[in-house]
>>> print(open('my_file.cif').read())   # mmCIF, C-alpha atoms and all ligand atoms; chains and numbers go by the auth columns
data_coords
loop_
_atom_site.group_PDB
_atom_site.id
_atom_site.type_symbol
_atom_site.label_atom_id
_atom_site.label_comp_id
_atom_site.label_asym_id
_atom_site.label_seq_id
_atom_site.Cartn_x
_atom_site.Cartn_y
_atom_site.Cartn_z
_atom_site.B_iso_or_equiv
_atom_site.auth_seq_id
_atom_site.auth_asym_id
ATOM 1 C CA MET A 1 1.081 2.665 -6.007 0.00 230 A
ATOM 2 C CA SER A 2 0.194 6.330 -6.317 0.00 231 A
ATOM 3 C CA ASP A 3 -2.303 6.439 -3.443 0.00 232 A
ATOM 4 C CA CYS A 4 -0.193 4.480 -0.944 0.00 233 A
ATOM 5 C CA ILE A 5 1.102 6.458 2.085 0.00 234 A
ATOM 6 C CA PHE A 6 4.276 4.395 2.388 0.00 235 A
ATOM 7 C CA CYS A 7 5.047 4.654 -1.346 0.00 236 A
ATOM 8 C CA LYS A 8 4.721 8.432 -0.864 0.00 237 A
ATOM 9 C CA ILE A 9 7.182 8.224 2.041 0.00 238 A
ATOM 10 C CA ILE A 10 9.594 6.301 -0.225 0.00 239 A
ATOM 11 C CA SER A 11 9.294 8.937 -2.969 0.00 240 A
ATOM 12 C CA GLY A 12 9.706 11.760 -0.440 0.00 241 A
ATOM 13 C CA GLU A 13 6.255 13.208 -1.169 0.00 242 A
ATOM 14 C CA ILE A 14 5.433 12.617 2.504 0.00 243 A
ATOM 15 C CA PRO A 15 8.339 13.488 4.827 0.00 244 A
ATOM 16 C CA SER A 16 9.665 10.972 7.344 0.00 245 A
ATOM 17 C CA LYS A 17 12.485 10.666 9.846 0.00 246 A
ATOM 18 C CA LYS A 18 14.724 8.124 8.143 0.00 247 A
ATOM 19 C CA ALA A 19 16.906 5.704 10.074 0.00 248 A
ATOM 20 C CA TYR A 20 18.324 3.705 7.141 0.00 249 A
ATOM 21 C CA GLU A 21 17.914 3.375 3.404 0.00 250 A
ATOM 22 C CA ASP A 22 19.327 1.198 0.650 0.00 251 A
ATOM 23 C CA GLU A 23 18.195 0.220 -2.833 0.00 252 A
ATOM 24 C CA LYS A 24 15.657 -2.292 -1.524 0.00 253 A
ATOM 25 C CA VAL A 25 14.355 -0.976 1.812 0.00 254 A
ATOM 26 C CA LEU A 26 13.609 2.132 3.846 0.00 255 A
ATOM 27 C CA VAL A 27 13.552 2.359 7.636 0.00 256 A
ATOM 28 C CA PHE A 28 11.835 5.335 9.278 0.00 257 A
ATOM 29 C CA HIS A 29 10.495 6.279 12.690 0.00 258 A
ATOM 30 C CA ASP A 30 6.806 5.594 13.343 0.00 259 A
ATOM 31 C CA ILE A 31 4.755 8.799 13.623 0.00 260 A
ATOM 32 C CA ASN A 32 2.885 7.409 16.638 0.00 261 A
ATOM 33 C CA PRO A 33 5.497 5.397 18.559 0.00 262 A
ATOM 34 C CA ALA A 34 4.343 2.572 20.823 0.00 263 A
ATOM 35 C CA ALA A 35 7.767 2.322 22.498 0.00 264 A
ATOM 36 C CA PRO A 36 10.809 4.609 22.980 0.00 265 A
ATOM 37 C CA VAL A 37 12.227 3.069 19.797 0.00 266 A
ATOM 38 C CA HIS A 38 9.658 2.307 17.098 0.00 267 A
ATOM 39 C CA VAL A 39 10.734 2.142 13.487 0.00 268 A
ATOM 40 C CA LEU A 40 9.044 0.720 10.415 0.00 269 A
ATOM 41 C CA VAL A 41 11.001 -1.301 7.883 0.00 270 A
ATOM 42 C CA ILE A 42 9.433 -1.334 4.432 0.00 271 A
ATOM 43 C CA PRO A 43 10.391 -2.732 1.041 0.00 272 A
ATOM 44 C CA LYS A 44 10.606 -0.121 -1.716 0.00 273 A
ATOM 45 C CA LYS A 45 8.615 -2.553 -3.863 0.00 274 A
ATOM 46 C CA HIS A 46 4.903 -2.139 -3.181 0.00 275 A
ATOM 47 C CA ILE A 47 3.690 -5.421 -1.685 0.00 276 A
ATOM 48 C CA LYS A 48 0.375 -5.240 0.138 0.00 277 A
ATOM 49 C CA SER A 49 1.031 -7.630 3.015 0.00 278 A
ATOM 50 C CA MET A 50 2.710 -10.878 4.069 0.00 279 A
ATOM 51 C CA ALA A 51 -0.305 -12.621 2.538 0.00 280 A
ATOM 52 C CA ASP A 52 0.748 -11.214 -0.847 0.00 281 A
ATOM 53 C CA ILE A 53 4.441 -12.104 -0.995 0.00 282 A
ATOM 54 C CA LYS A 54 5.636 -14.417 -3.761 0.00 283 A
ATOM 55 C CA GLU A 55 8.509 -16.875 -3.722 0.00 284 A
ATOM 56 C CA GLU A 56 10.529 -14.291 -5.667 0.00 285 A
ATOM 57 C CA ASP A 57 10.237 -11.963 -2.630 0.00 286 A
ATOM 58 C CA LEU A 58 11.940 -14.348 -0.189 0.00 287 A
ATOM 59 C CA SER A 59 15.384 -12.750 -0.511 0.00 288 A
ATOM 60 C CA LEU A 60 13.789 -9.351 0.089 0.00 289 A
ATOM 61 C CA ILE A 61 12.102 -10.604 3.276 0.00 290 A
ATOM 62 C CA GLY A 62 15.441 -12.053 4.382 0.00 291 A
ATOM 63 C CA HIS A 63 17.164 -8.757 3.568 0.00 292 A
ATOM 64 C CA ILE A 64 14.655 -6.850 5.709 0.00 293 A
ATOM 65 C CA HIS A 65 15.555 -9.039 8.688 0.00 294 A
ATOM 66 C CA TRP A 66 19.281 -8.677 7.998 0.00 295 A
ATOM 67 C CA VAL A 67 18.837 -4.872 7.957 0.00 296 A
ATOM 68 C CA ILE A 68 17.063 -5.054 11.329 0.00 297 A
ATOM 69 C CA HIS A 69 19.871 -7.224 12.726 0.00 298 A
ATOM 70 C CA ASN A 70 22.491 -4.734 11.550 0.00 299 A
ATOM 71 C CA LEU A 71 20.602 -1.623 12.687 0.00 300 A
ATOM 72 C CA ALA A 72 19.749 -2.813 16.209 0.00 301 A
ATOM 73 C CA ASP A 73 22.896 -1.457 17.901 0.00 302 A
ATOM 74 C CA GLU A 74 22.617 1.936 16.230 0.00 303 A
ATOM 75 C CA LEU A 75 19.007 2.219 17.408 0.00 304 A
ATOM 76 C CA GLY A 76 20.073 1.443 21.000 0.00 305 A
ATOM 77 C CA LEU A 77 18.397 -1.956 21.085 0.00 306 A
ATOM 78 C CA GLN A 78 21.235 -3.878 22.773 0.00 307 A
ATOM 79 C CA GLU A 79 18.826 -5.157 25.452 0.00 308 A
ATOM 80 C CA GLY A 80 16.504 -6.666 22.872 0.00 309 A
ATOM 81 C CA TYR A 81 13.655 -5.754 20.611 0.00 310 A
ATOM 82 C CA ARG A 82 10.494 -7.056 18.992 0.00 311 A
ATOM 83 C CA ILE A 83 9.686 -7.386 15.287 0.00 312 A
ATOM 84 C CA VAL A 84 5.957 -7.211 14.490 0.00 313 A
ATOM 85 C CA ASN A 85 4.138 -7.717 11.237 0.00 314 A
ATOM 86 C CA ASN A 86 0.418 -7.013 11.215 0.00 315 A
ATOM 87 C CA CYS A 87 -1.128 -8.860 8.281 0.00 316 A
ATOM 88 C CA GLY A 88 -4.600 -8.068 6.995 0.00 317 A
ATOM 89 C CA LYS A 89 -7.727 -6.820 8.708 0.00 318 A
ATOM 90 C CA ALA A 90 -7.821 -9.325 11.569 0.00 319 A
ATOM 91 C CA GLY A 91 -4.068 -8.870 12.049 0.00 320 A
ATOM 92 C CA GLY A 92 -4.574 -5.153 12.690 0.00 321 A
ATOM 93 C CA GLN A 93 -2.880 -3.926 9.508 0.00 322 A
ATOM 94 C CA GLU A 94 -3.865 -0.330 8.765 0.00 323 A
ATOM 95 C CA VAL A 95 -1.437 0.594 5.999 0.00 324 A
ATOM 96 C CA PRO A 96 -1.637 -1.795 3.023 0.00 325 A
ATOM 97 C CA HIS A 97 2.098 -1.682 2.188 0.00 326 A
ATOM 98 C CA LEU A 98 4.138 -4.469 3.794 0.00 327 A
ATOM 99 C CA HIS A 99 5.970 -3.226 6.895 0.00 328 A
ATOM 100 C CA PHE A 100 7.735 -4.631 9.906 0.00 329 A
ATOM 101 C CA HIS A 101 7.538 -2.747 13.193 0.00 330 A
ATOM 102 C CA VAL A 102 10.716 -2.831 15.286 0.00 331 A
ATOM 103 C CA LEU A 103 9.978 -1.928 18.901 0.00 332 A
ATOM 104 C CA GLY A 104 12.294 -1.546 21.857 0.00 333 A
ATOM 105 C CA GLY A 105 13.833 0.775 24.407 0.00 334 A
ATOM 106 C CA ARG A 106 11.610 -0.593 27.175 0.00 335 A
ATOM 107 C CA THR A 107 10.662 -4.014 28.483 0.00 336 A
ATOM 108 C CA LEU A 108 7.803 -5.214 26.305 0.00 337 A
ATOM 109 C CA SER A 109 5.066 -7.363 27.739 0.00 338 A
ATOM 110 C CA TRP A 110 3.763 -10.518 26.116 0.00 339 A
ATOM 111 C CA PRO A 111 1.177 -11.210 24.721 0.00 340 A
ATOM 112 C CA ALA A 112 1.739 -7.971 22.794 0.00 341 A
ATOM 113 C CA GLY A 113 1.772 -4.711 24.668 0.00 342 A
HETATM 114 P P1 LIG B . -0.143 -1.110 10.948 0.00 401 A
HETATM 115 O O1 LIG B . -1.280 -0.917 11.903 0.00 401 A
HETATM 116 O O2 LIG B . -0.594 -1.005 9.517 0.00 401 A
HETATM 117 O O3 LIG B . 0.660 -2.354 11.224 0.00 401 A
HETATM 118 O O4 LIG B . 0.866 0.063 11.250 0.00 401 A
HETATM 119 C C1 LIG B . 0.924 1.256 10.530 0.00 401 A
HETATM 120 C C2 LIG B . 1.864 2.166 11.273 0.00 401 A
HETATM 121 O O5 LIG B . 2.201 3.231 10.433 0.00 401 A
HETATM 122 C C3 LIG B . 1.270 2.763 12.547 0.00 401 A
HETATM 123 O O6 LIG B . 2.080 2.422 13.679 0.00 401 A
HETATM 124 C C4 LIG B . 1.253 4.265 12.274 0.00 401 A
HETATM 125 O O7 LIG B . 1.557 5.036 13.409 0.00 401 A
HETATM 126 C C5 LIG B . 2.292 4.406 11.181 0.00 401 A
HETATM 127 N N1 LIG B . 2.065 5.503 10.262 0.00 401 A
HETATM 128 C C6 LIG B . 0.901 5.754 9.587 0.00 401 A
HETATM 129 N N2 LIG B . 1.035 6.837 8.807 0.00 401 A
HETATM 130 C C7 LIG B . 2.316 7.272 8.974 0.00 401 A
HETATM 131 C C8 LIG B . 3.063 8.368 8.425 0.00 401 A
HETATM 132 O O8 LIG B . 2.578 9.166 7.598 0.00 401 A
HETATM 133 N N3 LIG B . 4.350 8.505 8.846 0.00 401 A
HETATM 134 C C9 LIG B . 4.934 7.643 9.734 0.00 401 A
HETATM 135 N N4 LIG B . 6.203 7.890 10.076 0.00 401 A
HETATM 136 N N5 LIG B . 4.258 6.605 10.272 0.00 401 A
HETATM 137 C C10 LIG B . 2.973 6.426 9.901 0.00 401 A
HETATM 138 ZN ZN ZN B . 3.028 1.258 -1.281 0.00 402 A
#
>>> encode(input="my_file.cif", output="structure tokens", more="lines below")
Ligand code: 5GP
Ligand code: ZN
Amino acid sequence: MSDCIFCKIISGEIPSKKAYEDEKVLVFHDINPAAPVHVLVIPKKHIKSMADIKEEDLSLIGHIHWVIHNLADELGLQEGYRIVNNCGKAGGQEVPHLHFHVLGGRTLSWPAG
């Protein structure tokens, strides 16, 4: 999608601080971190939100979680972390390209905060 911020980050048109990349996903640091560690994990395929995934995307969604699992140590998240997906308007999604927030580096409160 040519007008999508995260597709522009994938293409390099918008710079980002990358934490991990493979053929299917990109992980980069959030520009406005809500915790000492705050990265965004995005598929390179443009999918608008969790409401828009298809059955054919299930392995990709699994891969995203496997990447998070494998990256946690390197990001200094040995004490734990939180994975957040905001879906749609009421879910607080601002960027319409599927992304998973990974937050940590401090004790997170619950409900969210
Ligand atoms: P959402 O509210 O859609 O779940 O989260 C979007 C996230 O993307 C926000 O935490 C916001 O700070 C982050 N973000 C928006 N634009 C950019 C950008 O250009 N670069 C980076 N690194 N993060 C961004
Ligand atoms: Zn996109």
>>> atom_distance(input="my_file.cif", atom1="CA of Lys237 (chain A)", atom2="CA of Lys277 (chain A)")
14.4 Å
>>> residues_near_ligand(input="my_file.cif", ligand="ligand LIG 401 (chain A)", cutoff="8 Å", atoms="only C-alpha atoms and all ligand atoms", output="list in words")
Ile234, Phe235, Ile238, Ile243, Pro244, Ser245, Lys246, Phe257, His258, Asp259, Ile260, Asn261, Pro262, Ala263, Leu269, Val313, Asn314, Asn315, Cys316, Gly321, Gln322, Glu323, Val324, Pro325, His326, His328, Phe329 and His330 of chain A
>>> resolve_selection(input="my_file.cif", expression="the PyMOL selection byres (((chain A and resi 270) around 12) and not hetatm)", output="PDB file with C-alpha atoms, in the coordinates of the input")
ATOM      1  CA  PHE A 235       4.276   4.395   2.388  1.00  0.00           C
ATOM      2  CA  ILE A 238       7.182   8.224   2.041  1.00  0.00           C
ATOM      3  CA  ILE A 239       9.594   6.301  -0.225  1.00  0.00           C
ATOM      4  CA  LYS A 247      14.724   8.124   8.143  1.00  0.00           C
ATOM      5  CA  ALA A 248      16.906   5.704  10.074  1.00  0.00           C
ATOM      6  CA  TYR A 249      18.324   3.705   7.141  1.00  0.00           C
ATOM      7  CA  GLU A 250      17.914   3.375   3.404  1.00  0.00           C
ATOM      8  CA  ASP A 251      19.327   1.198   0.650  1.00  0.00           C
ATOM      9  CA  LYS A 253      15.657  -2.292  -1.524  1.00  0.00           C
ATOM     10  CA  VAL A 254      14.355  -0.976   1.812  1.00  0.00           C
ATOM     11  CA  LEU A 255      13.609   2.132   3.846  1.00  0.00           C
ATOM     12  CA  VAL A 256      13.552   2.359   7.636  1.00  0.00           C
ATOM     13  CA  PHE A 257      11.835   5.335   9.278  1.00  0.00           C
ATOM     14  CA  HIS A 258      10.495   6.279  12.690  1.00  0.00           C
ATOM     15  CA  ASP A 259       6.806   5.594  13.343  1.00  0.00           C
ATOM     16  CA  HIS A 267       9.658   2.307  17.098  1.00  0.00           C
ATOM     17  CA  VAL A 268      10.734   2.142  13.487  1.00  0.00           C
ATOM     18  CA  LEU A 269       9.044   0.720  10.415  1.00  0.00           C
ATOM     19  CA  ILE A 271       9.433  -1.334   4.432  1.00  0.00           C
ATOM     20  CA  PRO A 272      10.391  -2.732   1.041  1.00  0.00           C
ATOM     21  CA  LYS A 273      10.606  -0.121  -1.716  1.00  0.00           C
ATOM     22  CA  LEU A 289      13.789  -9.351   0.089  1.00  0.00           C
ATOM     23  CA  ILE A 290      12.102 -10.604   3.276  1.00  0.00           C
ATOM     24  CA  HIS A 292      17.164  -8.757   3.568  1.00  0.00           C
ATOM     25  CA  ILE A 293      14.655  -6.850   5.709  1.00  0.00           C
ATOM     26  CA  HIS A 294      15.555  -9.039   8.688  1.00  0.00           C
ATOM     27  CA  TRP A 295      19.281  -8.677   7.998  1.00  0.00           C
ATOM     28  CA  VAL A 296      18.837  -4.872   7.957  1.00  0.00           C
ATOM     29  CA  ILE A 297      17.063  -5.054  11.329  1.00  0.00           C
ATOM     30  CA  HIS A 298      19.871  -7.224  12.726  1.00  0.00           C
ATOM     31  CA  LEU A 300      20.602  -1.623  12.687  1.00  0.00           C
ATOM     32  CA  ILE A 312       9.686  -7.386  15.287  1.00  0.00           C
ATOM     33  CA  VAL A 313       5.957  -7.211  14.490  1.00  0.00           C
ATOM     34  CA  ASN A 314       4.138  -7.717  11.237  1.00  0.00           C
ATOM     35  CA  HIS A 326       2.098  -1.682   2.188  1.00  0.00           C
ATOM     36  CA  LEU A 327       4.138  -4.469   3.794  1.00  0.00           C
ATOM     37  CA  HIS A 328       5.970  -3.226   6.895  1.00  0.00           C
ATOM     38  CA  PHE A 329       7.735  -4.631   9.906  1.00  0.00           C
ATOM     39  CA  HIS A 330       7.538  -2.747  13.193  1.00  0.00           C
ATOM     40  CA  VAL A 331      10.716  -2.831  15.286  1.00  0.00           C
ATOM     41  CA  LEU A 332       9.978  -1.928  18.901  1.00  0.00           C
TER      42      LEU A 332
END
>>> closest_residue(input="my_file.cif", among="A:Met279, A:Val266, A:Cys236, A:Ala319", to="ligand ZN 402 (chain A)", atoms="all atoms listed in the file")
A:Cys236
>>> residues_around(input="my_file.cif", residues="Thr336 (chain A)", least_positions_apart="4", cutoff="10 Å", atoms="only C-alpha atoms", output="VMD selection string")
chain A and resid 264 308 to 311 332 342
